[in-house]
Each structure stands twice: as C-alpha cells, then as structure tokens.
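Here is the structure we will look at, set down as structure tokens.
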Amino acid sequence: MSLGTKHNTNRTAAAIYILFVIALTWKLPLSHYIRFNMGLVFMWFVILSLATFIALSINVWVGSFLAYSIFSANVPNPTPFSGAALLMVILGSVLYLILYNIENKRAAYTLLCLFALANVFAVILQQSGLDFQHVPNLRLMASDKSIRIGLMENHNSLSAALAFSLPAFFESRWKWLIPFVFLGLILAKTMGGILAVCPTVFYYANKYLSIYVSKGLRITAAIFIVIFGVVVYIRYVDPPNYKSRWAAWEMYGNLSTDQAHNLWIGKGLGHWKAVFGRKDIRIAIARKAGSQNRGGLYYAQAHNEPIQVNFEMGWIGTALIIGFFINMLRRVKHITDPRPVLAVLAVAINSLVYFPMHIPFLAMVVILWFTTMENGFRENNKC
C-alpha cells in the first residue's frame with residue numbers, strides 16, 4: 001500500500017469514526033451547554049477527541065467504549081452515580097494512553113512483582129497478629145477474624161491483586177518467589193483469585209512438563225493440577241457460598257426483562273448503584289437469599305462485571321467488551337510473551353465473581369496489563 005493510499009484510508013476511517021461519535025452523542029443537551037456553559041462544551045470536545053485518538057491509533061474497542069460511556073452517562077437519565085462512573089472511565093482512558101507509550105515491559109513486571117510481594121508481606125504480618133493498618137467498618141473482619149486483607153481494602157481485592165500479578169513472576173529472577181504469592185492467595189481465603197490463576201497455572205504446568213512427558217500426558221497432568229488445586233482450596237480453605245450473589249443476579253434478570261428497561265442502551269452508566277440501592281430491591285434480594293437482615297442486602301456492585309455492564313450500558317456496551325476480547329484472541333497467536341494474555345484472562349475470570357474495574361488500584365493493574373499486551377502486539381507488527 002502506497003503512502004498516499006494509507007493516508008486516504010486513515011482520513012476515511014477518521015471521518016467515519018467522527019460521524020459515529022456524533023451519532024452516539026446526538027441526544028446530549030449540547031445547545032444548552034453552548035448557551036450557558038462553554039466550559040462543558042470544551043470538556044466534551046476534549047473527551048471525544050481522546051476517544052477518537054485512542055480508537056484510531058491504539059485500540060478501536062477501547063476508544064469506542066469511552067465514547068459510548070459519555071452517551072450512557074447522559075441517556076436515558078443522568079444521576080450523580082453516572083458522573084462518578086464516567087470520571088473513572090475517563091481517568092482510566094488517560095492512564096491507558098500514558099502507559100501505552102511507556103514501552104519498558106521489564107519495569108512494569110518488576111513493579112507488579114513488588115506490589116504483590118508487599119501485599120504478601122502485609123498479610124503474613126496480619127496472620128501473625130501484627131496488623132499495622134486500621135480497617136474501620138469492615139463487616140467481613142467482624143464476621144470472620146481469620147480474614148486478612150494485605151494492603152487492599154478487603155480480602156477479595158487482595159486475592160484479585162495477587163492473581164493479576166502472578167504472571168509477572170514467571171521469569172528467572174522472580175520464579176523462586178511464586179510460592180509466596182500462593183501463600184498470600186491461601187491467606188486471603190476467597191475463591192476469586194484462585195479461579196483467576198487457573199489459566200496461568202495450566203499454561204506453565206503444561207510448559208514445564210513438556211520437558212519430561214508427551215503432549216497428551218502433560219495436558220492431562222496440567223488439567224489435573226488445576227482441578228486438584230481448586231478442589232483442595234474449596235474443601236479446606238474457602239467453601240464458596242454465593243447464595244446472596246445469585247439473588248442479586250436473579251434480581252438483575254428480573255429488572256432486565258422489565259418493559260421499562262431498554263435492552264440496547266440499558267439503565268445508564270452508574271445506575272446499578274441507584275437501582276439496587278432502592279429499599280424494595282434490597283429487601284427482595286434479602287428475601288431471595290434467605291437473609292434475616294431487615295434493611296435488606298445492598299449490592300453496590302454486581303460482583304460480576306459483564307452483568308453490570310449489560311444492566312447499565314445494554315447490549316451495545318456488552319458488544320464493545322466482547323469485541324475487545326475477540327480482537328485480543330484474534331491477534332494473540334502472534335505474541336511472543338504470553339504473560340499479558342494470561343493476566344487478561346485472569347482479569348476476565350475474576351470479573352465473573354468480583355468487580356476489579358471498580359476498584360481504582362486494581363483497575364490500574366488491569367490497565368497496565370492491557371497496555372503491556374497492546375505493546376506486545378505492536379512489537380510483533382514491527383518484526
């Protein structure tokens with residue numbers, strides 16, 4: 001392809017994408033902003049420009065998600081929760097752009113390993129009765145004194161942080177510390193992280209066994225190792241009880257089939273908190289879960305990112321997430337370093353039982369892996 005043809009293609013793609021962004025945001029009260037607040041006009045222009053730049057120069061699905069988030073935060077009805085959620089999406093997109101332009105992969109892996117080890121060190125101190133941080137109003141700690149949280153805000157975040165960091169340890173200078181990461185996962189006493197590390201354990205078990213046994217036998221052995229580890233964890237460490245979460249998800253299903261719910265655009269970005277904070281919804285969830293709590297059960301998050309995205313942003317938002325992962329899987333066979341892909345798979349699995357993208361520090365780790373993976377694809381294209 002000649003240089004002139006490439007430039008014409010880029011201009012055409014840019015024009016199509018700008019028209020797409022305009023079509024998405026046509027319901028925004030722009031005339032009101034233009035008349036009364038030029039600052040807001042400038043803000044929307046900057047955000048839409050950021051979305052366009054990310055979509056055309058890095059990843060079309062990430063940029064499209066940012067653009068659609070602006071629409072979803074305002075349609076059908078904005079709330080204070082919408083603004084808070086949109087702000088997090090915007091900040092995450094800015095961080096994505098910054099980290100994408102930092103190509104020092106080794107430094108990123110070192111940072112992730114140190115972050116995980118700091119949490120393991122903290123959780124070992126807590127296990128020894130040397131809890132050096134004050135945790136106010138943590139109901140989980142009140143109900144189970146053996147739960148440890150490391151440097152995170154709860155044990156689910158600790159487990160997720162260790163699971164997301166584990167792939168970074170698979171290099172010569174960090175491998176010998178991997179048992180400490182698993183110790184931290186055991187002390188966290190929650191299933192989310194254990195499920196999330198399954199792809200990483202399977203991949204490296206299969207890789208290291210290839211030295212000793214044939215392909216069919218090593219795959220069987222790797223599957224056995226994963227299943228055995230999960231079963232032992234469930235039996236002796238954390239017997240899962242997702243009754244209340246199932247109740248919240250069942251309520252999501254009931255609300256999503258209501259005639260007032262638009263399946264394509266959903267309730268609007270951030271609306272899960274608003275809807276599930278209603279007293280009638282809280283009481284209904286408690287009743288379904290068999291809880292005696294008179295105030296009901298408030299699920300500020302769905303504990304399942306796909307469900308929450310679908311409820312808030314409809315099938316359009318869900319399609320953008322699916323498109324991102326399809327795009328990743330389509331290019332993954334050409335990547336030389338499997339660790340970013342394994343970490344993204346860990347995030348995907350953990351997102352089915354938790355909400356890592358709603359925890360700022362976990363979201364930073366996730367975005368770091370996303371950009372590391374994207375840089376891996378970029379390096380492969382240069383070869």
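How things are named: the first chain in the structure tokens is A, the next is B, and so on; residues count from 1 in each chain; ligands count from 1 in the order shown.
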
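Once Phe370 (chain A) and its same-chain neighbours fewer than 6 positions away are set aside, Tyr96, Leu99, Tyr100, Met328, Pro340, Val341, Ala343, Val344, Met364 and Gly376 of chain A remain within 10 Å of it when counting only C-alpha atoms.
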
Near-Arg287 (chain A) list (12 Å; only C-alpha atoms; drop same-chain fewer than 6 positions) as a PyMOL selection string: chain A and resi 243-244+246-248+250-251+280-281+293-297

Separation of CA of Leu56 (chain A) from CA of Pro167 (chain A) in Å: 29.4 Å

Atom pair CA of Asp258 (chain A) / CA of Trp272 (chain A): separation (Å): 14.9 Å

Residue contacts of Ala118 (chain A) (12 Å, only C-alpha atoms) excluding same-chain residues fewer than 3 positions away, as a list in words: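 Near Ala118 (chain A), the qualifying residues are Leu111, Leu112, Cys113, Leu114, Phe115, Phe121, Ala122, Val123, Ile124, Leu125, Ile149, Gly150, Leu151, Met152, Leu158, Ala161, Leu162, Ser165, Phe180, Val181 and Gly184 of chain A.
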
Residue among A:Glu312, A:Glu171, A:Glu103, A:Asp337 lying closest to Ala274 (chain A), counting only C-alpha atoms: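 Closest to Ala274 (chain A), using only C-alpha atoms: A:Glu312.
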
Residue among A:Tyr298, A:Phe170, A:Tyr109, A:Phe311 lying closest to Gly270 (chain A), counting only C-alpha atoms: A:Phe311

Minimum-distance residue to Val332 (chain A), chosen among A:Ile102, A:Val366, A:Met373, A:Leu255 (using only C-alpha atoms):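 Of A:Ile102, A:Val366, A:Met373, A:Leu255, the one nearest Val332 (chain A) is A:Met373, counting only C-alpha atoms.
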
Pairwise distance for CA of Lys288 (chain A) and CA of Val353 (chain A), rounded to one decimal in Å: 18.5 Å

Tell me which protein, DNA and RNA residues are within 9 Å of Gly266 (chain A), counting only C-alpha atoms, leaving out same-chain ones fewer than 3 positions away, and put them as a PDB file with C-alpha atoms, in the first residue's frame.
```pdb
ATOM      1  CA  SER A  72     -24.522   6.181  28.525  1.00  0.00           C
ATOM      2  CA  PRO A  76     -31.682   7.883  29.446  1.00  0.00           C
ATOM      3  CA  SER A 256     -33.629  -6.521  32.665  1.00  0.00           C
ATOM      4  CA  HIS A 261     -35.679  -1.400  30.624  1.00  0.00           C
ATOM      5  CA  ASN A 262     -34.140  -0.709  27.211  1.00  0.00           C
ATOM      6  CA  LEU A 263     -32.108  -3.793  26.312  1.00  0.00           C
ATOM      7  CA  LEU A 269     -23.755   4.246  33.279  1.00  0.00           C
ATOM      8  CA  VAL A 309     -22.081  -3.591  32.062  1.00  0.00           C
ATOM      9  CA  ASN A 310     -25.116  -5.216  30.453  1.00  0.00           C
ATOM     10  CA  PHE A 311     -27.502  -3.716  33.029  1.00  0.00           C
ATOM     11  CA  GLU A 312     -26.039  -0.204  32.809  1.00  0.00           C
ATOM     12  CA  MET A 313     -24.917   0.024  29.169  1.00  0.00           C
ATOM     13  CA  GLY A 314     -27.144  -2.537  27.481  1.00  0.00           C
ATOM     14  CA  TRP A 315     -26.177  -4.852  24.678  1.00  0.00           C
ATOM     15  CA  ILE A 316     -24.228  -2.096  22.914  1.00  0.00           C
ATOM     16  CA  GLY A 317     -21.831  -1.852  25.863  1.00  0.00           C
TER      17      GLY A 317
END
```
